[in-house]
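Okay, query.txt now, which holds compact mmCIF, C-alpha atoms:
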# COMPACT_ATOMS: atom_id res chain seq x y z
CA MET O 245 0.00 0.00 0.00
CA ILE O 246 2.85 2.39 0.80
CA GLU O 247 4.54 1.55 -2.51
CA ASP O 248 1.25 2.21 -4.30
CA GLY O 249 1.04 5.69 -2.77
CA ALA O 250 -1.56 5.12 -0.05
CA LEU O 251 0.26 7.48 2.32
CA GLU O 252 0.88 10.31 -0.12
CA GLY O 253 -0.33 13.51 1.51
CA VAL O 254 -0.95 11.73 4.85
CA GLU O 255 0.45 13.64 7.83
CA ALA O 256 -0.66 11.36 10.67
CA ILE O 257 -1.92 7.81 11.11
CA PHE O 258 -3.64 6.02 14.02
CA ALA O 259 -4.43 2.38 14.75
CA VAL O 260 -6.39 0.56 17.46
CA HIS O 261 -5.89 -3.08 18.49
CA VAL O 262 -7.94 -5.06 21.00
CA SER O 263 -6.11 -6.33 24.09
CA HIS O 264 -7.07 -9.10 26.48
CA GLN O 265 -4.70 -7.64 29.08
CA HIS O 266 -6.80 -4.55 29.83
CA PRO O 267 -10.37 -4.27 31.12
CA THR O 268 -13.07 -3.71 28.54
CA SER O 269 -13.01 -0.20 27.04
CA VAL O 270 -9.81 0.90 28.81
CA VAL O 271 -7.39 2.50 26.34
CA GLY O 272 -3.65 1.97 26.65
CA SER O 273 -0.61 3.26 24.80
CA ARG O 274 2.89 4.67 25.30
CA THR O 275 5.27 7.05 23.58
CA GLY O 276 8.23 5.72 21.62
CA PRO O 277 8.73 1.99 20.90
CA LEU O 278 5.59 0.00 21.68
CA LEU O 279 6.13 -3.26 19.77
CA ALA O 280 9.36 -4.91 18.72
CA GLY O 281 10.91 -5.32 15.32
CA CYS O 282 10.70 -8.96 14.25
CA GLY O 283 12.67 -11.14 11.86
CA PHE O 284 12.95 -14.84 11.10
CA PHE O 285 15.83 -17.06 10.10
CA LYS O 286 16.35 -20.55 8.72
CA ALA O 287 19.71 -22.29 8.42
CA HIS O 288 20.77 -25.42 6.53
CA ILE O 289 23.74 -27.24 8.08
CA LEU O 290 25.67 -29.80 6.01
CA ALA O 291 28.52 -32.14 6.93
CA ARG O 292 31.70 -31.40 4.96
CA ARG O 293 33.99 -34.22 6.08
CA ALA O 294 33.73 -37.84 7.13
CA GLY O 295 32.47 -38.21 10.67
CA ALA O 296 31.07 -34.69 10.87
CA ASP O 297 27.74 -34.57 12.68
CA PRO O 298 25.24 -31.82 11.73
CA VAL O 299 23.24 -32.57 14.89
CA LEU O 300 26.25 -31.80 17.08
CA ALA O 301 26.98 -28.70 15.00
CA ALA O 302 23.39 -27.51 15.37
CA SER O 303 23.39 -28.14 19.13
CA SER O 304 26.57 -26.10 19.53
CA THR O 305 25.15 -23.33 17.35
CA ILE O 306 21.95 -23.12 19.38
CA ILE O 307 23.90 -22.79 22.62
CA SER O 308 26.06 -20.05 21.10
CA LEU O 309 22.99 -18.16 19.91
CA GLN O 310 21.64 -18.02 23.46
CA SER O 311 24.63 -15.96 24.55
CA LEU O 312 23.92 -13.16 22.07
CA VAL O 313 21.27 -11.64 24.34
CA SER O 314 22.54 -12.78 27.74
CA ARG O 315 26.20 -11.79 27.18
CA GLU O 316 26.27 -9.19 24.41
CA ALA O 317 23.06 -7.14 24.54
CA ASP O 318 22.50 -4.21 26.88
CA PRO O 319 20.26 -5.65 29.63
CA LEU O 320 18.16 -2.47 29.47
CA ASP O 321 17.64 -2.91 25.71
CA SER O 322 15.25 -5.87 25.46
CA GLN O 323 16.07 -8.38 22.74
CA VAL O 324 15.07 -11.96 21.92
CA VAL O 325 16.67 -14.79 19.95
CA SER O 326 14.66 -18.02 19.90
CA VAL O 327 15.35 -21.21 17.96
CA ALA O 328 11.87 -22.60 17.40
CA MET O 329 12.43 -25.40 14.91
CA VAL O 330 15.01 -28.16 14.43
CA ASN O 331 14.55 -30.73 11.66
CA GLY O 332 17.17 -33.46 11.66
CA SER O 333 18.59 -35.33 8.70
CA GLY O 334 16.93 -38.62 9.60
CA GLY O 335 20.26 -40.40 9.92
CA ASP O 336 21.42 -39.47 6.41
CA PRO O 337 24.79 -37.68 6.81
CA ALA O 338 24.43 -36.18 3.33
CA ALA O 339 21.08 -34.54 4.13
CA PRO O 340 21.02 -31.04 5.62
CA LEU O 341 19.85 -30.34 9.14
CA VAL O 342 17.46 -27.38 9.24
CA LEU O 343 16.95 -25.05 12.17
CA GLY O 344 14.95 -21.86 12.34
CA GLY O 345 13.65 -19.25 14.69
CA THR O 346 12.89 -15.60 15.37
CA PHE O 347 14.70 -12.54 16.71
CA ARG O 348 13.32 -9.29 18.05
CA ALA O 349 14.47 -5.88 19.27
CA PHE O 350 13.01 -2.44 19.98
CA SER O 351 15.30 -0.38 17.75
CA ASN O 352 16.52 -0.80 14.21
CA ALA O 353 20.14 -0.44 15.39
CA SER O 354 19.80 -3.29 17.89
CA PHE O 355 17.81 -5.36 15.40
CA TYR O 356 20.44 -5.22 12.67
CA THR O 357 23.27 -5.79 15.13
CA LEU O 358 21.45 -8.89 16.33
CA ARG O 359 20.86 -10.02 12.75
CA ARG O 360 24.56 -9.65 11.92
CA ARG O 361 25.63 -11.63 15.00
CA ILE O 362 23.09 -14.40 14.31
CA GLU O 363 24.49 -14.76 10.80
CA GLU O 364 28.08 -14.88 12.10
CA VAL O 365 27.30 -17.52 14.71
CA MET O 366 25.21 -19.66 12.39
CA THR O 367 27.75 -19.67 9.57
CA LEU O 368 30.96 -19.91 11.61
CA GLN O 369 30.05 -22.17 14.56
CA PRO O 370 29.26 -25.25 12.41
CA ARG O 371 32.77 -25.06 10.93
CA VAL O 372 34.17 -26.07 14.32
CA HIS O 373 32.44 -29.41 13.80
CA GLY O 374 33.36 -29.95 10.16
CA CYS O 375 30.12 -28.59 8.79
CA GLU O 376 29.01 -25.53 6.89
CA ALA O 377 25.80 -23.54 7.02
CA SER O 378 23.81 -21.08 4.95
CA VAL O 379 21.25 -18.74 6.48
CA ASP O 380 18.11 -17.18 5.01
CA PHE O 381 16.54 -14.19 6.79
CA PHE O 382 13.48 -13.86 4.48
CA GLU O 383 13.98 -10.11 4.48
CA ASN O 384 11.76 -9.53 1.46
CA GLN O 385 8.90 -11.38 3.14
CA SER O 386 8.85 -11.23 6.90
CA PHE O 387 10.89 -8.39 8.41
CA TYR O 388 8.77 -6.11 10.61
CA PRO O 389 10.40 -2.94 11.98
CA PRO O 390 9.61 -1.73 15.51
CA THR O 391 6.26 0.00 16.01
CA VAL O 392 7.15 3.46 17.32
CA ASN O 393 4.61 6.03 18.52
CA HIS O 394 5.36 9.64 17.67
CA PRO O 395 5.31 11.75 20.88
CA ARG O 396 2.71 14.16 19.50
CA MET O 397 0.42 11.42 18.20
CA TYR O 398 0.72 9.52 21.49
CA ALA O 399 -0.21 12.70 23.42
CA HIS O 400 -3.21 13.19 21.15
CA VAL O 401 -4.48 9.62 21.66
CA LYS O 402 -4.03 9.94 25.42
CA ALA O 403 -5.82 13.30 25.62
CA VAL O 404 -8.78 12.18 23.54
CA ALA O 405 -9.16 8.92 25.48
CA ARG O 406 -9.08 10.76 28.82
CA ALA O 407 -11.55 13.37 27.56
CA LEU O 408 -14.05 10.71 26.46
CA LEU O 409 -13.47 8.04 29.13
CA GLY O 410 -12.05 9.92 32.12
CA ASP O 411 -8.65 9.43 33.71
CA ALA O 412 -9.51 5.85 34.71
CA GLY O 413 -10.23 5.02 31.07
CA TYR O 414 -6.62 5.47 29.99
CA ARG O 415 -3.35 3.87 31.12
CA ASP O 416 0.25 3.91 29.93
CA VAL O 417 1.34 0.38 29.01
CA PRO O 418 4.75 -1.30 28.86
CA PRO O 419 6.33 -2.26 25.52
CA MET O 420 5.70 -5.78 24.27
CA MET O 421 7.81 -8.21 22.23
CA GLY O 422 5.02 -8.79 19.75
CA ALA O 423 5.32 -7.32 16.24
CA GLU O 424 2.87 -5.46 14.04
CA ASP O 425 2.81 -4.64 10.32
CA PHE O 426 1.44 -1.18 11.20
CA SER O 427 5.11 -0.51 11.97
CA PHE O 428 5.74 0.14 8.27
CA TYR O 429 3.28 3.04 8.46
CA SER O 430 4.91 4.34 11.66
CA GLN O 431 8.22 4.56 9.79
CA ALA O 432 6.64 6.58 6.99
CA VAL O 433 4.48 9.12 8.87
CA PRO O 434 3.96 10.16 12.52
CA ALA O 435 1.87 7.42 14.10
CA GLY O 436 -0.21 6.66 17.16
CA PHE O 437 -0.94 2.99 17.91
CA TYR O 438 -3.06 2.13 20.93
CA TYR O 439 -4.95 -0.73 22.56
CA VAL O 440 -8.54 -0.93 23.72
CA GLY O 441 -9.23 -3.55 26.35
CA VAL O 442 -11.63 -6.47 25.92
CA ARG O 443 -10.86 -8.34 29.13
CA ASN O 444 -14.01 -9.51 30.90
CA GLU O 445 -13.49 -12.56 33.10
CA THR O 446 -17.23 -13.05 33.60
CA LEU O 447 -17.71 -13.54 29.86
CA GLY O 448 -14.50 -15.52 29.44
CA SER O 449 -12.90 -12.81 27.32
CA VAL O 450 -9.42 -13.46 28.71
CA HIS O 451 -7.47 -15.03 25.81
CA THR O 452 -5.06 -13.39 23.38
CA GLY O 453 -6.34 -12.56 19.93
CA HIS O 454 -4.09 -15.30 18.50
CA SER O 455 -5.66 -18.00 20.66
CA PRO O 456 -8.29 -20.44 19.33
CA TYR O 457 -10.24 -19.61 22.50
CA PHE O 458 -10.32 -15.87 21.78
CA MET O 459 -13.65 -14.14 22.16
CA ILE O 460 -14.49 -10.47 22.43
CA ASP O 461 -16.55 -8.55 24.94
CA GLU O 462 -18.75 -6.74 22.43
CA ASP O 463 -19.38 -3.92 24.91
CA VAL O 464 -16.06 -2.54 23.65
CA LEU O 465 -17.37 -1.91 20.13
CA PRO O 466 -19.17 1.43 20.66
CA THR O 467 -16.35 2.68 22.89
CA GLY O 468 -13.62 1.72 20.46
CA ALA O 469 -15.50 3.18 17.50
CA ALA O 470 -16.19 6.45 19.34
CA VAL O 471 -12.60 6.88 20.53
CA HIS O 472 -11.14 6.08 17.12
CA ALA O 473 -13.51 8.46 15.34
CA ALA O 474 -12.85 11.21 17.90
CA ILE O 475 -9.08 10.81 17.50
CA ALA O 476 -9.41 11.49 13.77
CA GLU O 477 -12.01 14.24 14.11
CA ARG O 478 -10.14 16.16 16.79
CA TYR O 479 -6.83 15.78 15.03
CA LEU O 480 -8.33 17.39 11.93
CA ALA O 481 -9.73 20.15 14.15
CA GLY O 482 -6.23 20.94 15.39
CA GLY O 483 -6.36 19.06 18.68
CA ALA O 484 -2.97 17.38 18.26
CA GLU O 485 -1.24 20.76 18.14
CA GLN O 486 -2.86 21.76 21.43
CA HIS O 487 -1.86 18.49 23.12
CA SER O 488 1.80 19.09 22.27
CA ASP O 489 1.65 22.50 23.98
CA PRO O 490 3.20 22.16 27.49
CA ARG O 491 0.55 24.50 28.86
CA PHE O 492 -2.00 21.70 28.42
CA ALA O 493 0.19 18.84 29.69
CA GLY O 494 -1.78 16.49 31.92
CA THR O 495 -5.09 18.33 31.47
CA GLY O 496 -6.69 16.04 28.88
CA ALA O 497 -7.93 19.21 27.13
CA VAL O 498 -8.97 18.90 23.49
CA ASN O 499 -10.44 21.12 20.83
CA SER O 500 -14.12 20.53 20.24

I need this file expressed as structure tokens, please.
Amino acid sequence: MIEDGALEGVEAIFAVHVSHQHPTSVVGSRTGPLLAGCGFFKAHILARRAGADPVLAASSTIISLQSLVSREADPLDSQVVSVAMVNGSGGDPAAPLVLGGTFRAFSNASFYTLRRRIEEVMTLQPRVHGCEASVDFFENQSFYPPTVNHPRMYAHVKAVARALLGDAGYRDVPPMMGAEDFSFYSQAVPAGFYYVGVRNETLGSVHTGHSPYFMIDEDVLPTGAAVHAAIAERYLAGGAEQHSDPRFAGTGAVNS
């Protein structure tokens, strides 16, 4: 859509996503990085000499990958490397062993540093065991950059939510390691991404949206629709400019 010009002339963009972590109709967001950048990798490991064992090479590689976050990353800069799939050669030493997984970070700099180190470990570590490996990162298919809220758009979402729902109807939320394709929009124009809660234990609305047990508390629908419409309407009326003015900080004031 971006390549086809969908964002030409667009100066701001907003998105709402249901959340099972927050009570029904409570809005949550944060400024800056909200969701992580996400990539995937798949490696093929082949034996290159007699007696070489791709299983041993893969095991050693997996252990080495675990140290990238625990021993190299800033502990205050959350990152993830997870090997989620190992497919052995079935006893055929000539067949490749395949392993794959995901990696995540909250900044592009950390993401690409992590990607570079994953590639180094996955191509060099198998050589210790007489094997070689190639790695595919599927970058034309599955790379998602971090979802980052623009400070002014975040302030606008927060002010509108508090104006419509009261102070108790809005909360700042921590960043999450999930990923979101809305992130491509947030790289192109100032963005505001926020959650609206659907958690209602009485109804059983307690499961993530990716669960087969997911259900929605439909009481959220009019609230979510009203907040989302008001965010757009009041932005066009100049409300976002007012919310960035320090004189209105913390007041929840909006243009009507």

Quiz item: Which residue gives the smallest distance to O:Asp463 among O:Val270, O:Ala291, O:Ala256, O:Leu300, with only C-alpha atoms counted?
Solution: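 Checking each candidate against O:Asp463, we get O:Val270 as the closest.
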
Quiz prompt | Nearest to O:Ala474 by atom-to-atom distance, counting all atoms listed in the file, from O:Val433, O:Val254, O:Lys402, O:Ala423 | solution =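 With all atoms listed in the file as the atom set, the closest residue is O:Lys402.
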
Quiz item: Using all atoms listed in the file, which of the listed residues (O:His454, O:Gly482, O:Phe428, O:Ala412) sits closest to O:Ser269?
Solution: O:Ala412

List every residue of stretch 351-453 of chain O that has an atom at most 6 Å from any atom of stretch 273-277 of chain O, and for each one report the closest atom pair and its distance in Å to one decimal, counting all atoms listed in the file, with rows sorted by chain and then by increasing residue number, as CSV.
residue,atom,partner,partner_atom,distance
O:Thr391,CA,O:Pro277,CA,5.8
O:Val392,CA,O:Pro277,CA,4.2
O:Asn393,CA,O:Gly276,CA,4.8
O:Pro395,CA,O:Thr275,CA,5.4
O:Tyr398,CA,O:Thr275,CA,5.6
O:Asp416,CA,O:Ser273,CA,5.2
O:Val417,CA,O:Ser273,CA,5.5
O:Tyr438,CA,O:Ser273,CA,4.7

Exercise. Using all atoms listed in the file, determine which residues lie at most 10 Å from O:Ile460, disregarding the query and same-chain residues fewer than 6 positions distant; provide the list as a PyMOL selection string.
Key: chain O and resi 262-264+268+441-444+447-453

Keeping only C-alpha atoms, write those residues as a PDB file, in the frame of the given file.
ATOM      1  CA  VAL O 262      -7.940  -5.060  21.000  1.00  0.00           C
ATOM      2  CA  SER O 263      -6.110  -6.330  24.090  1.00  0.00           C
ATOM      3  CA  HIS O 264      -7.070  -9.100  26.480  1.00  0.00           C
ATOM      4  CA  THR O 268     -13.070  -3.710  28.540  1.00  0.00           C
ATOM      5  CA  GLY O 441      -9.230  -3.550  26.350  1.00  0.00           C
ATOM      6  CA  VAL O 442     -11.630  -6.470  25.920  1.00  0.00           C
ATOM      7  CA  ARG O 443     -10.860  -8.340  29.130  1.00  0.00           C
ATOM      8  CA  ASN O 444     -14.010  -9.510  30.900  1.00  0.00           C
ATOM      9  CA  LEU O 447     -17.710 -13.540  29.860  1.00  0.00           C
ATOM     10  CA  GLY O 448     -14.500 -15.520  29.440  1.00  0.00           C
ATOM     11  CA  SER O 449     -12.900 -12.810  27.320  1.00  0.00           C
ATOM     12  CA  VAL O 450      -9.420 -13.460  28.710  1.00  0.00           C
ATOM     13  CA  HIS O 451      -7.470 -15.030  25.810  1.00  0.00           C
ATOM     14  CA  THR O 452      -5.060 -13.390  23.380  1.00  0.00           C
ATOM     15  CA  GLY O 453      -6.340 -12.560  19.930  1.00  0.00           C
TER      16      GLY O 453
END

Practice problem: In Å, rounded to a single decimal, give me how far atom CA of O:Tyr414 is from atom CA of O:Asp461. | Solution: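 Here the two named atoms are 17.9 Å from each other.
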
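Going from atom CA of O:Met459 to atom CA of O:Val260 covers 17.1 Å.
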
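Distance annotation: of O:Phe258, O:Val313, O:Glu363, O:Lys286, the residue with the minimal separation from O:Tyr429 is O:Phe258; atom set is all atoms listed in the file.
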
Exercise. Identify which of the residues O:Met329, O:Val372, O:Ile362, O:Ala339 lies closest to O:Ser304, counting all atoms listed in the file when measuring atom-to-atom distances.
Key: O:Val372

Quiz item: From the set O:Leu358, O:Met397, O:Ala302, O:Leu465, which residue has the shortest atom-to-atom contact distance to O:Ser430, counting all atoms listed in the file?
Solution: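 For O:Ser430, the nearest of the candidates is O:Met397.
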
Quiz prompt | Near-O:Ala301 list (9 Å; all atoms listed in the file; drop same-chain fewer than 5 positions) as a ChimeraX atom specification | solution = /O:289,291,296,306,369-376

Quiz item: Can you tell me, as a PyMOL selection string, which residues sit within 12 Å of (15.6, -24.1, 9.1) in the file's frame, using only C-alpha atoms?
Solution: chain O and resi 284-290+302+327-333+340-346+366+377-382

Quiz item: In Å, with one decimal, what is the gap from atom CA of O:Pro419 to atom CA of O:Ala399?
Solution: 16.5 Å

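Residues with any atom within 12 Å of O:Thr357, counting all atoms listed in the file and excluding same-chain neighbours fewer than 5 positions away, are O:Leu312, O:Val313, O:Glu316, O:Ala317, O:Asp318, O:Gln323, O:Phe347, O:Arg348, O:Ala349, O:Phe350, O:Ser351, O:Asn352, O:Ile362, O:Glu363, O:Glu364.
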
Practice problem: Identify, on the basis of all atoms listed in the file, every residue whose closest approach to O:Ala432 does not exceed 10 Å; exclude the query and any residue fewer than 5 positions from it along the same chain; express the result as a list in words. | Solution: Ile246, Leu251, Glu252, Val254, Glu255, Ala256, Ile257 and Ser427 of chain O

Could those selected residues go to a file with C-alpha atoms, as an mmCIF file, in the coordinates of the input?
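Writing done, so here's selection.cif:
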data_model
loop_
_atom_site.group_PDB
_atom_site.id
_atom_site.type_symbol
_atom_site.label_atom_id
_atom_site.label_comp_id
_atom_site.auth_asym_id
_atom_site.auth_seq_id
_atom_site.Cartn_x
_atom_site.Cartn_y
_atom_site.Cartn_z
ATOM 1 C CA ILE O 246 2.850 2.390 0.800
ATOM 2 C CA LEU O 251 0.260 7.480 2.320
ATOM 3 C CA GLU O 252 0.880 10.310 -0.120
ATOM 4 C CA VAL O 254 -0.950 11.730 4.850
ATOM 5 C CA GLU O 255 0.450 13.640 7.830
ATOM 6 C CA ALA O 256 -0.660 11.360 10.670
ATOM 7 C CA ILE O 257 -1.920 7.810 11.110
ATOM 8 C CA SER O 427 5.110 -0.510 11.970
#
